[in-house]
Structure formats: C-alpha cells, structure tokens
$ cat model26.pdb   # PDB, C-alpha atoms
ATOM      1  CA  MET S   1     -44.864  90.097-223.223
ATOM      2  CA  GLN S   2     -42.784  91.282-220.299
ATOM      3  CA  ILE S   3     -44.236  90.658-216.866
ATOM      4  CA  ALA S   4     -43.593  93.343-214.269
ATOM      5  CA  PRO S   5     -41.570  92.069-211.329
ATOM      6  CA  ASP S   6     -43.348  91.506-208.001
ATOM      7  CA  PHE S   7     -41.866  93.937-205.496
ATOM      8  CA  THR S   8     -44.457  93.364-202.766
ATOM      9  CA  LYS S   9     -42.289  90.855-200.941
ATOM     10  CA  TYR S  10     -39.688  93.579-200.418
ATOM     11  CA  PHE S  11     -42.169  96.082-199.029
ATOM     12  CA  THR S  12     -44.043  94.120-196.410
ATOM     13  CA  LEU S  13     -44.531  95.765-193.042
ATOM     14  CA  GLN S  14     -42.055  93.389-191.451
ATOM     15  CA  ASN S  15     -39.324  94.327-193.901
ATOM     16  CA  CYS S  16     -39.935  98.072-193.771
ATOM     17  CA  LEU S  17     -40.361  98.658-190.033
ATOM     18  CA  PRO S  18     -38.310  97.751-187.001
ATOM     19  CA  LYS S  19     -39.882  95.173-184.696
ATOM     20  CA  LYS S  20     -40.186  97.655-181.814
ATOM     21  CA  LEU S  21     -42.155 100.029-184.025
ATOM     22  CA  ILE S  22     -44.409  97.188-185.171
ATOM     23  CA  PHE S  23     -45.181  96.267-181.564
ATOM     24  CA  PHE S  24     -45.797  99.942-180.740
ATOM     25  CA  LEU S  25     -48.255 100.335-183.620
ATOM     26  CA  ALA S  26     -50.096  97.173-182.590
ATOM     27  CA  PHE S  27     -50.303  98.471-179.012
ATOM     28  CA  LEU S  28     -51.528 101.868-180.234
ATOM     29  CA  ALA S  29     -54.225 100.256-182.368
ATOM     30  CA  ALA S  30     -55.394  98.262-179.353
ATOM     31  CA  GLN S  31     -55.554 101.386-177.233
ATOM     32  CA  LEU S  32     -57.426 103.349-179.878
ATOM     33  CA  SER S  33     -60.036 100.615-180.014
ATOM     34  CA  LEU S  34     -60.928 101.504-176.421
ATOM     35  CA  PHE S  35     -61.999 104.986-177.494
ATOM     36  CA  GLY S  36     -65.199 105.809-179.313
ATOM     37  CA  GLN S  37     -66.975 102.706-178.066
ATOM     38  CA  ASN S  38     -70.718 102.715-178.588
ATOM     39  CA  ILE S  39     -73.644 100.576-177.616
ATOM     40  CA  SER S  40     -76.324 100.524-180.298
ATOM     41  CA  GLY S  41     -79.572  98.681-180.755
ATOM     42  CA  ARG S  42     -83.335  99.077-180.627
ATOM     43  CA  LEU S  43     -85.783  99.858-177.834
ATOM     44  CA  THR S  44     -89.148  98.092-178.143
ATOM     45  CA  ASP S  45     -92.089  96.780-176.157
ATOM     46  CA  GLU S  46     -92.452  93.050-175.544
ATOM     47  CA  GLU S  47     -94.277  92.603-178.852
ATOM     48  CA  GLY S  48     -91.428  94.153-180.809
ATOM     49  CA  ASN S  49     -93.090  97.514-181.461
ATOM     50  CA  PRO S  50     -90.559 100.373-181.418
ATOM     51  CA  LEU S  51     -90.620 102.792-178.489
ATOM     52  CA  SER S  52     -89.966 106.239-179.962
ATOM     53  CA  TYR S  53     -87.957 108.778-177.962
ATOM     54  CA  GLY S  54     -87.263 106.418-175.063
ATOM     55  CA  ASN S  55     -84.664 107.483-172.493
ATOM     56  CA  ILE S  56     -81.251 105.823-172.429
ATOM     57  CA  GLY S  57     -78.540 107.087-170.105
ATOM     58  CA  VAL S  58     -75.837 106.378-167.558
ATOM     59  CA  ILE S  59     -77.293 106.813-164.081
ATOM     60  CA  GLY S  60     -75.789 109.821-162.323
ATOM     61  CA  LEU S  61     -73.753 111.035-165.308
ATOM     62  CA  ASN S  62     -74.388 113.489-168.109
ATOM     63  CA  ARG S  63     -74.133 110.703-170.686
ATOM     64  CA  GLY S  64     -77.527 110.051-172.199
ATOM     65  CA  THR S  65     -79.588 109.983-175.342
ATOM     66  CA  ILE S  66     -83.048 109.090-176.637
ATOM     67  CA  SER S  67     -84.194 106.494-179.138
ATOM     68  CA  SER S  68     -85.241 107.481-182.656
ATOM     69  CA  VAL S  69     -88.751 107.331-184.082
ATOM     70  CA  ASN S  70     -88.004 103.703-184.998
ATOM     71  CA  GLY S  71     -86.667 102.907-181.539
ATOM     72  CA  ASP S  72     -83.022 102.838-182.656
ATOM     73  CA  PHE S  73     -80.387 104.189-180.286
ATOM     74  CA  ARG S  74     -76.644 104.650-179.924
ATOM     75  CA  ILE S  75     -74.884 105.674-176.728
ATOM     76  CA  ASP S  76     -71.201 106.406-176.201
ATOM     77  CA  ILE S  77     -69.636 104.318-173.407
ATOM     78  CA  SER S  78     -66.036 105.479-173.879
ATOM     79  CA  GLY S  79     -64.197 105.906-170.585
ATOM     80  CA  LEU S  80     -66.928 104.429-168.430
ATOM     81  CA  ASP S  81     -66.239 101.950-165.651
ATOM     82  CA  ASN S  82     -67.542  98.417-165.959
ATOM     83  CA  GLY S  83     -69.753  99.052-162.936
ATOM     84  CA  ASN S  84     -71.542 102.082-164.403
ATOM     85  CA  ILE S  85     -75.256 101.429-164.967
ATOM     86  CA  ILE S  86     -77.074 102.249-168.215
ATOM     87  CA  ARG S  87     -80.817 102.571-167.763
ATOM     88  CA  PHE S  88     -83.459 102.178-170.470
ATOM     89  CA  SER S  89     -86.831 103.705-169.606
ATOM     90  CA  TYR S  90     -90.114 104.802-171.127
ATOM     91  CA  VAL S  91     -93.206 106.361-169.605
ATOM     92  CA  GLY S  92     -95.679 103.617-168.673
ATOM     93  CA  TYR S  93     -93.083 100.824-168.847
ATOM     94  CA  GLU S  94     -90.743  99.136-166.386
ATOM     95  CA  SER S  95     -87.153 100.292-166.813
ATOM     96  CA  LYS S  96     -84.189  97.977-167.436
ATOM     97  CA  ASP S  97     -80.638  98.417-166.121
ATOM     98  CA  TYR S  98     -77.412  96.992-167.541
ATOM     99  CA  LYS S  99     -73.829  97.190-166.286
ATOM    100  CA  VAL S 100     -71.386  98.572-168.836
ATOM    101  CA  GLY S 101     -69.085  95.601-168.263
ATOM    102  CA  ASP S 102     -71.868  93.158-169.115
ATOM    103  CA  LEU S 103     -72.601  95.004-172.355
ATOM    104  CA  ILE S 104     -68.928  95.043-173.328
ATOM    105  CA  ALA S 105     -68.836  91.273-172.741
ATOM    106  CA  ARG S 106     -71.418  91.022-175.543
ATOM    107  CA  ASN S 107     -68.747  92.427-177.903
ATOM    108  CA  LEU S 108     -70.707  95.655-178.355
ATOM    109  CA  GLY S 109     -73.089  93.966-180.772
ATOM    110  CA  ALA S 110     -76.571  95.266-181.480
ATOM    111  CA  LEU S 111     -78.661  95.236-178.319
ATOM    112  CA  ASN S 112     -82.390  94.588-178.398
ATOM    113  CA  VAL S 113     -84.036  96.002-175.264
ATOM    114  CA  ALA S 114     -87.699  95.061-174.775
ATOM    115  CA  LEU S 115     -89.516  96.872-171.963
ATOM    116  CA  LYS S 116     -92.491  95.438-170.129
ATOM    117  CA  ALA S 117     -95.610  97.571-169.695
ATOM    118  CA  ARG S 118     -96.147  98.559-166.082
ATOM    119  CA  SER S 119     -99.254  97.276-164.375
ATOM    120  CA  TYR S 120    -101.097  99.855-162.309
ATOM    121  CA  PRO S 121    -103.646  98.999-159.620
ATOM    122  CA  LEU S 122    -107.103  99.634-161.011
ATOM    123  CA  LYS S 123    -109.455 101.695-158.909
ATOM    124  CA  GLU S 124    -112.624 103.522-159.676
ATOM    125  CA  LEU S 125    -112.100 107.243-159.994
ATOM    126  CA  VAL S 126    -115.071 109.554-159.909
ATOM    127  CA  VAL S 127    -114.282 113.199-160.577
ATOM    128  CA  ARG S 128    -116.743 115.861-159.573
ATOM    129  CA  PRO S 129    -115.502 119.327-160.539
ATOM    130  CA  GLU S 130    -116.239 121.985-157.968
ATOM    131  CA  GLY S 131    -116.967 125.388-159.485
ATOM    132  CA  GLU S 132    -114.911 127.167-162.127
ATOM    133  CA  PRO S 133    -111.435 125.979-163.163
ATOM    134  CA  SER S 134    -108.588 127.655-161.314
ATOM    135  CA  PHE S 135    -104.834 128.015-161.786
ATOM    136  CA  ILE S 136    -101.763 127.244-159.731
ATOM    137  CA  GLY S 137     -98.156 128.154-160.425
ATOM    138  CA  ALA S 138     -96.659 131.327-161.825
ATOM    139  CA  LYS S 139     -98.958 134.348-161.615
ATOM    140  CA  LYS S 140     -97.212 136.099-164.495
ATOM    141  CA  ALA S 141     -94.268 135.698-166.831
ATOM    142  CA  GLY S 142     -90.921 136.145-165.123
ATOM    143  CA  SER S 143     -88.562 138.934-166.112
ATOM    144  CA  MET S 144     -85.537 136.651-166.518
ATOM    145  CA  ALA S 145     -84.750 134.050-169.155
ATOM    146  CA  TRP S 146     -83.516 130.478-168.958
ATOM    147  CA  VAL S 147     -81.657 129.735-172.175
ATOM    148  CA  TRP S 148     -81.817 126.286-173.738
ATOM    149  CA  SER S 149     -79.075 126.013-176.313
ATOM    150  CA  GLU S 150     -79.015 122.831-178.409
ATOM    151  CA  ALA S 151     -81.375 121.319-175.818
ATOM    152  CA  ILE S 152     -81.919 117.896-177.321
ATOM    153  CA  LYS S 153     -81.545 114.223-176.443
ATOM    154  CA  GLY S 154     -83.614 114.120-173.284
ATOM    155  CA  ALA S 155     -82.808 117.447-171.605
ATOM    156  CA  GLU S 156     -85.479 118.405-169.048
ATOM    157  CA  ILE S 157     -86.499 121.529-167.184
ATOM    158  CA  GLY S 158     -89.438 122.083-164.846
ATOM    159  CA  THR S 159     -90.732 123.364-161.546
ATOM    160  CA  LEU S 160     -92.335 122.239-158.295
ATOM    161  CA  PHE S 161     -96.026 122.986-157.692
ATOM    162  CA  ARG S 162     -97.237 123.261-154.114
ATOM    163  CA  ASN S 163    -100.679 121.705-153.775
ATOM    164  CA  SER S 164    -102.816 120.562-150.841
ATOM    165  CA  ASP S 165    -106.038 119.734-152.737
ATOM    166  CA  LYS S 166    -107.382 116.893-154.830
ATOM    167  CA  ILE S 167    -107.092 118.212-158.357
ATOM    168  CA  VAL S 168    -107.301 117.153-161.999
ATOM    169  CA  LEU S 169    -104.860 118.730-164.462
ATOM    170  CA  LYS S 170    -106.573 120.384-167.423
ATOM    171  CA  LYS S 171    -103.914 122.493-169.199
ATOM    172  CA  LEU S 172    -100.243 123.314-168.882
ATOM    173  CA  PHE S 173     -98.970 126.799-169.710
ATOM    174  CA  PHE S 174     -95.336 127.871-169.995
ATOM    175  CA  HIS S 175     -94.014 131.255-171.088
ATOM    176  CA  VAL S 176     -91.662 131.602-174.058
ATOM    177  CA  ARG S 177     -89.501 134.691-173.859
ATOM    178  CA  ARG S 178     -87.927 134.108-177.259
ATOM    179  CA  ASN S 179     -87.759 131.033-179.481
ATOM    180  CA  PHE S 180     -85.272 130.841-182.347
ATOM    181  CA  CYS S 181     -86.430 127.382-183.444
ATOM    182  CA  ASP S 182     -89.138 126.800-186.037
ATOM    183  CA  SER S 183     -90.659 124.083-183.856
ATOM    184  CA  ILE S 184     -89.731 121.903-180.887
ATOM    185  CA  LEU S 185     -90.943 118.429-179.985
ATOM    186  CA  TYR S 186     -91.479 118.299-176.221
ATOM    187  CA  ARG S 187     -92.567 115.591-173.816
ATOM    188  CA  ILE S 188     -94.355 116.403-170.561
ATOM    189  CA  LYS S 189     -93.367 114.462-167.466
ATOM    190  CA  ILE S 190     -95.202 114.783-164.176
ATOM    191  CA  TYR S 191     -93.413 113.669-161.013
ATOM    192  CA  ASP S 192     -94.589 113.084-157.478
ATOM    193  CA  GLY S 193     -93.402 116.129-155.535
ATOM    194  CA  SER S 194     -93.790 114.772-152.008
ATOM    195  CA  ASN S 195     -90.019 114.344-151.655
ATOM    196  CA  GLU S 196     -89.358 117.661-153.471
ATOM    197  CA  GLN S 197     -87.273 115.882-156.099
ATOM    198  CA  PRO S 198     -88.302 114.615-159.577
ATOM    199  CA  ILE S 199     -88.012 110.862-159.021
ATOM    200  CA  ASP S 200     -91.308 108.976-159.418
ATOM    201  CA  ILE S 201     -93.309 109.713-162.579
ATOM    202  CA  ILE S 202     -97.076 110.064-162.093
ATOM    203  CA  ASN S 203     -98.350 110.130-165.664
ATOM    204  CA  THR S 204     -98.737 106.771-167.386
ATOM    205  CA  SER S 205     -99.170 108.146-170.922
ATOM    206  CA  ASP S 206     -96.425 109.427-173.189
ATOM    207  CA  ILE S 207     -97.509 113.074-173.565
ATOM    208  CA  ARG S 208     -95.784 114.681-176.552
ATOM    209  CA  PHE S 209     -96.558 117.889-178.421
ATOM    210  CA  ILE S 210     -94.954 120.291-180.892
ATOM    211  CA  ALA S 211     -94.445 123.908-179.814
ATOM    212  CA  LYS S 212     -94.098 126.680-182.388
ATOM    213  CA  LYS S 213     -94.820 129.881-180.493
ATOM    214  CA  LYS S 214     -92.074 132.487-180.794
ATOM    215  CA  ARG S 215     -93.142 134.559-177.772
ATOM    216  CA  GLY S 216     -95.847 134.417-175.135
ATOM    217  CA  TRP S 217     -97.758 131.679-173.311
ATOM    218  CA  GLU S 218     -97.701 128.240-174.906
ATOM    219  CA  SER S 219    -100.517 125.907-173.777
ATOM    220  CA  VAL S 220    -100.975 122.138-173.832
ATOM    221  CA  ASP S 221    -104.327 120.394-173.285
ATOM    222  CA  LEU S 222    -104.047 117.652-170.632
ATOM    223  CA  SER S 223    -107.752 116.973-170.105
ATOM    224  CA  GLU S 224    -107.819 113.709-172.096
ATOM    225  CA  TYR S 225    -105.263 112.098-169.765
ATOM    226  CA  ASN S 226    -107.395 112.407-166.611
ATOM    227  CA  ILE S 227    -104.388 113.111-164.375
ATOM    228  CA  ALA S 228    -105.622 113.306-160.784
ATOM    229  CA  ILE S 229    -103.174 114.496-158.131
ATOM    230  CA  ASP S 230    -103.363 114.751-154.363
ATOM    231  CA  GLY S 231    -100.313 116.648-153.090
ATOM    232  CA  ASP S 232     -97.251 118.433-154.432
ATOM    233  CA  PHE S 233     -96.041 117.628-157.944
ATOM    234  CA  ILE S 234     -93.332 118.577-160.433
ATOM    235  CA  ILE S 235     -93.907 119.188-164.144
ATOM    236  CA  THR S 236     -91.006 119.140-166.606
ATOM    237  CA  LEU S 237     -90.590 119.737-170.314
ATOM    238  CA  GLU S 238     -88.288 117.229-171.987
ATOM    239  CA  THR S 239     -86.837 118.360-175.285
ATOM    240  CA  LEU S 240     -86.824 115.553-177.847
ATOM    241  CA  LYS S 241     -86.132 117.225-181.181
ATOM    242  CA  THR S 242     -85.797 120.680-182.734
ATOM    243  CA  TRP S 243     -86.293 121.991-186.246
ATOM    244  CA  THR S 244     -84.927 125.307-187.428
ATOM    245  CA  SER S 245     -84.146 127.040-190.697
ATOM    246  CA  GLY S 246     -81.750 129.435-188.977
ATOM    247  CA  ASN S 247     -78.353 129.103-187.370
ATOM    248  CA  TYR S 248     -79.537 128.700-183.786
ATOM    249  CA  LYS S 249     -81.318 125.945-181.879
ATOM    250  CA  THR S 250     -82.012 128.130-178.888
ATOM    251  CA  THR S 251     -85.074 128.763-176.761
ATOM    252  CA  HIS S 252     -85.414 131.315-173.981
ATOM    253  CA  LEU S 253     -88.027 130.323-171.379
ATOM    254  CA  SER S 254     -89.178 132.874-168.835
ATOM    255  CA  VAL S 255     -88.088 132.582-165.212
ATOM    256  CA  GLY S 256     -89.383 134.497-162.207
ATOM    257  CA  LYS S 257     -88.387 134.986-158.603
ATOM    258  CA  SER S 258     -88.933 132.088-156.251
ATOM    259  CA  ILE S 259     -92.160 132.043-154.241
ATOM    260  CA  GLY S 260     -91.328 129.216-151.883
ATOM    261  CA  THR S 261     -90.719 126.645-154.574
ATOM    262  CA  SER S 262     -87.853 125.266-156.664
ATOM    263  CA  SER S 263     -87.057 124.426-160.253
ATOM    264  CA  PHE S 264     -85.006 121.593-161.713
ATOM    265  CA  SER S 265     -83.021 120.880-164.852
ATOM    266  CA  ARG S 266     -80.810 118.179-166.317
ATOM    267  CA  SER S 267     -78.856 118.046-169.559
ATOM    268  CA  SER S 268     -79.604 114.504-170.744
ATOM    269  CA  SER S 269     -81.418 111.287-169.898
ATOM    270  CA  MET S 270     -80.444 109.980-166.419
ATOM    271  CA  ALA S 271     -78.118 112.938-165.743
ATOM    272  CA  PRO S 272     -78.129 114.341-162.182
ATOM    273  CA  TRP S 273     -80.780 116.955-161.473
ATOM    274  CA  ILE S 274     -79.676 120.524-160.808
ATOM    275  CA  GLU S 275     -81.946 122.426-158.425
ATOM    276  CA  PHE S 276     -82.198 126.209-158.513
ATOM    277  CA  ALA S 277     -84.243 128.658-156.472
ATOM    278  CA  ASN S 278     -85.925 130.660-159.242
ATOM    279  CA  GLN S 279     -89.328 129.539-160.499
ATOM    280  CA  MET S 280     -89.890 128.650-164.141
ATOM    281  CA  SER S 281     -92.898 130.483-165.557
ATOM    282  CA  PHE S 282     -95.124 127.406-165.606
ATOM    283  CA  LYS S 283     -98.754 127.312-164.525
ATOM    284  CA  VAL S 284    -101.520 124.726-164.755
ATOM    285  CA  GLN S 285    -105.266 125.034-165.133
ATOM    286  CA  ILE S 286    -106.959 122.619-162.734
ATOM    287  CA  ASP S 287    -110.331 121.376-161.586
ATOM    288  CA  LYS S 288    -110.627 120.976-157.859
ATOM    289  CA  ALA S 289    -112.394 117.709-157.332
ATOM    290  CA  ASN S 290    -113.661 115.051-155.002
ATOM    291  CA  THR S 291    -112.286 111.601-155.808
ATOM    292  CA  GLN S 292    -113.613 108.232-154.757
TER     293      GLN S 292
END
$ encode --input "model26.pdb" --output "structure tokens"
Amino acid sequence: MQIAPDFTKYFTLQNCLPKKLIFFLAFLAAQLSLFGQNISGRLTDEEGNPLSYGNIGVIGLNRGTISSVNGDFRIDISGLDNGNIIRFSYVGYESKDYKVGDLIARNLGALNVALKARSYPLKELVVRPEGEPSFIGAKKAGSMAWVWSEAIKGAEIGTLFRNSDKIVLKKLFFHVRRNFCDSILYRIKIYDGSNEQPIDIINTSDIRFIAKKKRGWESVDLSEYNIAIDGDFIITLETLKTWTSGNYKTTHLSVGKSIGTSSFSRSSSMAPWIEFANQMSFKVQIDKANTQ
C-alpha cells in the first residue's frame, strides 16, 4: 500500500509568505479585533431575577439598547473611549455606571449587573378627589405627524405638561395618526418637569402596555399606580418592541402647534434629549385632589 507523501511541511505559512507580509497580517488581525467589540451579560435584581427591558446605554451618546425578556443584553462598544460611561438602569431601581476601560479590562466576558431596589420615603397619602375628572394637555389631535421609523431599543418621545395643582393621574391618551405595526410594546415614563428637562423619573412602577390602534386616540389606564403630582411633569412613551406582518415598522404620532410647552425625543437609552417646540398630542385625565 502506497502512502501519500506529506506535503504540509512545504506549505506552511512561513514557507509561503514573506516575513513582512506575515507581520502585516498579524498586525491587521490585531487591529480588526478592536472593531465589533461588544459587552454582553444579564441585568437582574439582587436576588437574581431578570429585569426585562432594562435600559443600557452610553451616557450622552446615541449608543444604547435594552435587555431582553430574560434580562440578557449586548451593547456595541467599538470606537468608544475608555472614559465613556455605560449606565444600567431600571424604573424603581438604583442605576449602575461602568467605565468602558474597566469593562475592557475584564476581557469582555459576560457581565452580570444586579441592580438594587430604590428605597422611597414612606408617607401617608390621602387622596380626596374634588368633583369630576378633568384633562390637561392637548385639546385635540395635531395636524402634523411625528414619524417613528424602526423606533426600538429604548427610543423615547414625550411632552411637558404645565400643572400648578395637586393631581392624581388617571389615564394617558396619545393620538395615533397612522400605525403600520401590528402592535407595539411601550413603556410609560413620568419625569419631574420642574427643570423643564426629562431627568428625574417620578413613577416607581414599570408601566408597560401593548398598543394596537391603527388610528385615533390610544388610552392607558394609570389609576392603579396612584401617581400623585404637584407641579409640572413630562410623560414619555418608550418603544421597547414592535411586531408587524408588513414591510414597515413605522408609527406616525400626531403633533400640534406649541401652546407654551415643549416636547422631547431621544433615539436610544441614555442618548441626549432633543427638544422641539411643537407639542405631541398627549393628554391626561386627572383627579384634582388634596393630599396629606
């Protein structure tokens, strides 16, 4: 039986390529490893329970994402400076910040981020509704449209409500001009509006709902959350996930002319807010109340 000769020793990389080319390819491989870097892991509470749709993003940059239903996440850190800060946050929990350089030092291994539940000062709250419920915000649907295209992974849009009373939020309404999606998973965030910027979140519960309306006023019941507010506030819709059987993941929300207020949007978790003068067609049903 004839054994085939072993030619592999004649076709090694060293024998086939000049040394300069070998060094160049090694250098190129090292450089390519710097691109497409990701940080992945799981977002949980301190007991290890997954936090679904938590916000993960680079502070001040449009580089963000949200965790999955199981708390898993992956965020691209390619091209970031070591000093850039990645923030992990969830409504009702204390956020955690990490420097990109510190995460890289961990060799980009799986990162387990456990958030601690925030403690809120307990005080007795007695609500006494005064008369019939009333509404604040947009009086009617605006004639313009704000188009959300592929609005996923923590994109937010909302508007500032001027308020000088003690109120309890009962329902949120927003007007859909045209919705090409079959359904959209939203989260409602309510911010303190005293500084006229969406910074401090008021609500302590993770308020999520699925919207399916193609046109007209969509409503969300907020009465079970007992959200009492004294002063200006900002309400935003955060888009978490979309489902569609068509070719478009696009929603057109109605926008009206400004009536002494502002609206805000951002494209991903932790991205900078963009302020614009027109008012989103949002309104809330409220109970005016005395609180003790």
$ closest_atom_pairs --input "model26.pdb" --of "segment 51-167 of chain S" --to "segment 247-253 of chain S" --cutoff "7 Å" --atoms "all atoms listed in the file" --output "JSON lines"
{"residue": "S:Ala145", "atom": "CA", "partner": "S:Leu253", "partner_atom": "CA", "distance": 5.4}
{"residue": "S:Trp146", "atom": "CA", "partner": "S:Leu253", "partner_atom": "CA", "distance": 5.1}
{"residue": "S:Val147", "atom": "CA", "partner": "S:His252", "partner_atom": "CA", "distance": 4.5}
{"residue": "S:Trp148", "atom": "CA", "partner": "S:Thr251", "partner_atom": "CA", "distance": 5.1}
{"residue": "S:Ser149", "atom": "CA", "partner": "S:Thr250", "partner_atom": "CA", "distance": 4.4}
{"residue": "S:Glu150", "atom": "CA", "partner": "S:Lys249", "partner_atom": "CA", "distance": 5.2}
$ resolve_selection --input "model26.pdb" --expression "the PyMOL selection byres ((chain S and resi 259) around 10)" --output "list in words"
Gly137, Ala138, Gly256, Lys257, Ser258, Gly260, Thr261, Ser262, Ala277, Asn278 and Gln279 of chain S
$ closest_atom_pairs --input "model26.pdb" --of "segment 136-203 of chain S" --to "segment 45-54 of chain S" --cutoff "10 Å" --atoms "all atoms listed in the file" --output "CSV"
residue,atom,partner,partner_atom,distance
S:Lys153,CA,S:Tyr53,CA,8.5
S:Gly154,CA,S:Tyr53,CA,8.3
S:Arg187,CA,S:Tyr53,CA,9.2
$ residues_around --input "model26.pdb" --residues "Ser265 of chain S" --least-positions-apart "5" --cutoff "10 Å" --atoms "only C-alpha atoms" --output "PyMOL selection string"
chain S and resi 155-159+198+236-238+271-276
$ residues_around --input "model26.pdb" --residues "Phe88 of chain S" --least-positions-apart "2" --cutoff "7 Å" --atoms "only C-alpha atoms" --output "list of chain:residue names"
S:Asn55, S:Ile56, S:Gly57, S:Ile86, S:Ser95, S:Lys96, S:Asp97
$ write_last_selection --input "model26.pdb" --atoms "C-alpha atoms" --output "PDB file, in the coordinates of the input"
ATOM      1  CA  ASN S  55     -84.664 107.483-172.493  1.00  0.00           C
ATOM      2  CA  ILE S  56     -81.251 105.823-172.429  1.00  0.00           C
ATOM      3  CA  GLY S  57     -78.540 107.087-170.105  1.00  0.00           C
ATOM      4  CA  ILE S  86     -77.074 102.249-168.215  1.00  0.00           C
ATOM      5  CA  SER S  95     -87.153 100.292-166.813  1.00  0.00           C
ATOM      6  CA  LYS S  96     -84.189  97.977-167.436  1.00  0.00           C
ATOM      7  CA  ASP S  97     -80.638  98.417-166.121  1.00  0.00           C
TER       8      ASP S  97
END
$ closest_residue --input "model26.pdb" --among "S:Leu222, S:Lys241, S:Ser205, S:Val176" --to "Val69 of chain S" --atoms "only C-alpha atoms"
S:Lys241
$ resolve_selection --input "model26.pdb" --expression "the PyMOL selection byres ((chain S and resi 112) around 8)" --output "list in words"
Gly41, Arg42, Leu43, Thr44, Ala110, Leu111, Val113 and Ala114 of chain S
$ residues_near_point --input "model26.pdb" --point "(-100.4, 114.3, -154.7)" --cutoff "8 Å" --atoms "all atoms listed in the file" --output "list in words"
Asn163, Ser164, Lys166, Asp192, Gly193, Ser194, Ile229, Asp230, Gly231, Asp232 and Phe233 of chain S
$ write_last_selection --input "model26.pdb" --atoms "C-alpha atoms" --output "compact mmCIF listing (two decimals), in the frame of the given file"
# COMPACT_ATOMS: atom_id res chain seq x y z
CA ASN S 163 -100.68 121.70 -153.78
CA SER S 164 -102.82 120.56 -150.84
CA LYS S 166 -107.38 116.89 -154.83
CA ASP S 192 -94.59 113.08 -157.48
CA GLY S 193 -93.40 116.13 -155.54
CA SER S 194 -93.79 114.77 -152.01
CA ILE S 229 -103.17 114.50 -158.13
CA ASP S 230 -103.36 114.75 -154.36
CA GLY S 231 -100.31 116.65 -153.09
CA ASP S 232 -97.25 118.43 -154.43
CA PHE S 233 -96.04 117.63 -157.94
$ closest_residue --input "model26.pdb" --among "S:Ser269, S:Ile39, S:Lys116, S:Lys139" --to "Lys99 of chain S" --atoms "only C-alpha atoms"
S:Ile39
$ atom_distance --input "model26.pdb" --atom1 "atom CA of Ile235 of chain S" --atom2 "atom CA of Cys181 of chain S"
22.3 Å
$ atom_distance --input "model26.pdb" --atom1 "atom CA of Lys189 of chain S" --atom2 "atom CA of Phe73 of chain S"
20.9 Å
$ resolve_selection --input "model26.pdb" --expression "the PyMOL selection byres ((chain S and resi 76) around 7)" --output "PyMOL selection string"
chain S and resi 36-39+74-75+77-78
$ closest_residue --input "model26.pdb" --among "S:Arg118, S:Gly246, S:Arg63, S:Gln197" --to "Gly79 of chain S" --atoms "all atoms listed in the file"
S:Arg63
$ atom_distance --input "model26.pdb" --atom1 "atom CA of Asp200 of chain S" --atom2 "atom CA of Phe282 of chain S"
19.8 Å
$ residues_around --input "model26.pdb" --residues "segment 171-173 of chain S" --least-positions-apart "5" --cutoff "9 Å" --atoms "only C-alpha atoms" --output "PyMOL selection string"
chain S and resi 217-223+235+281-286
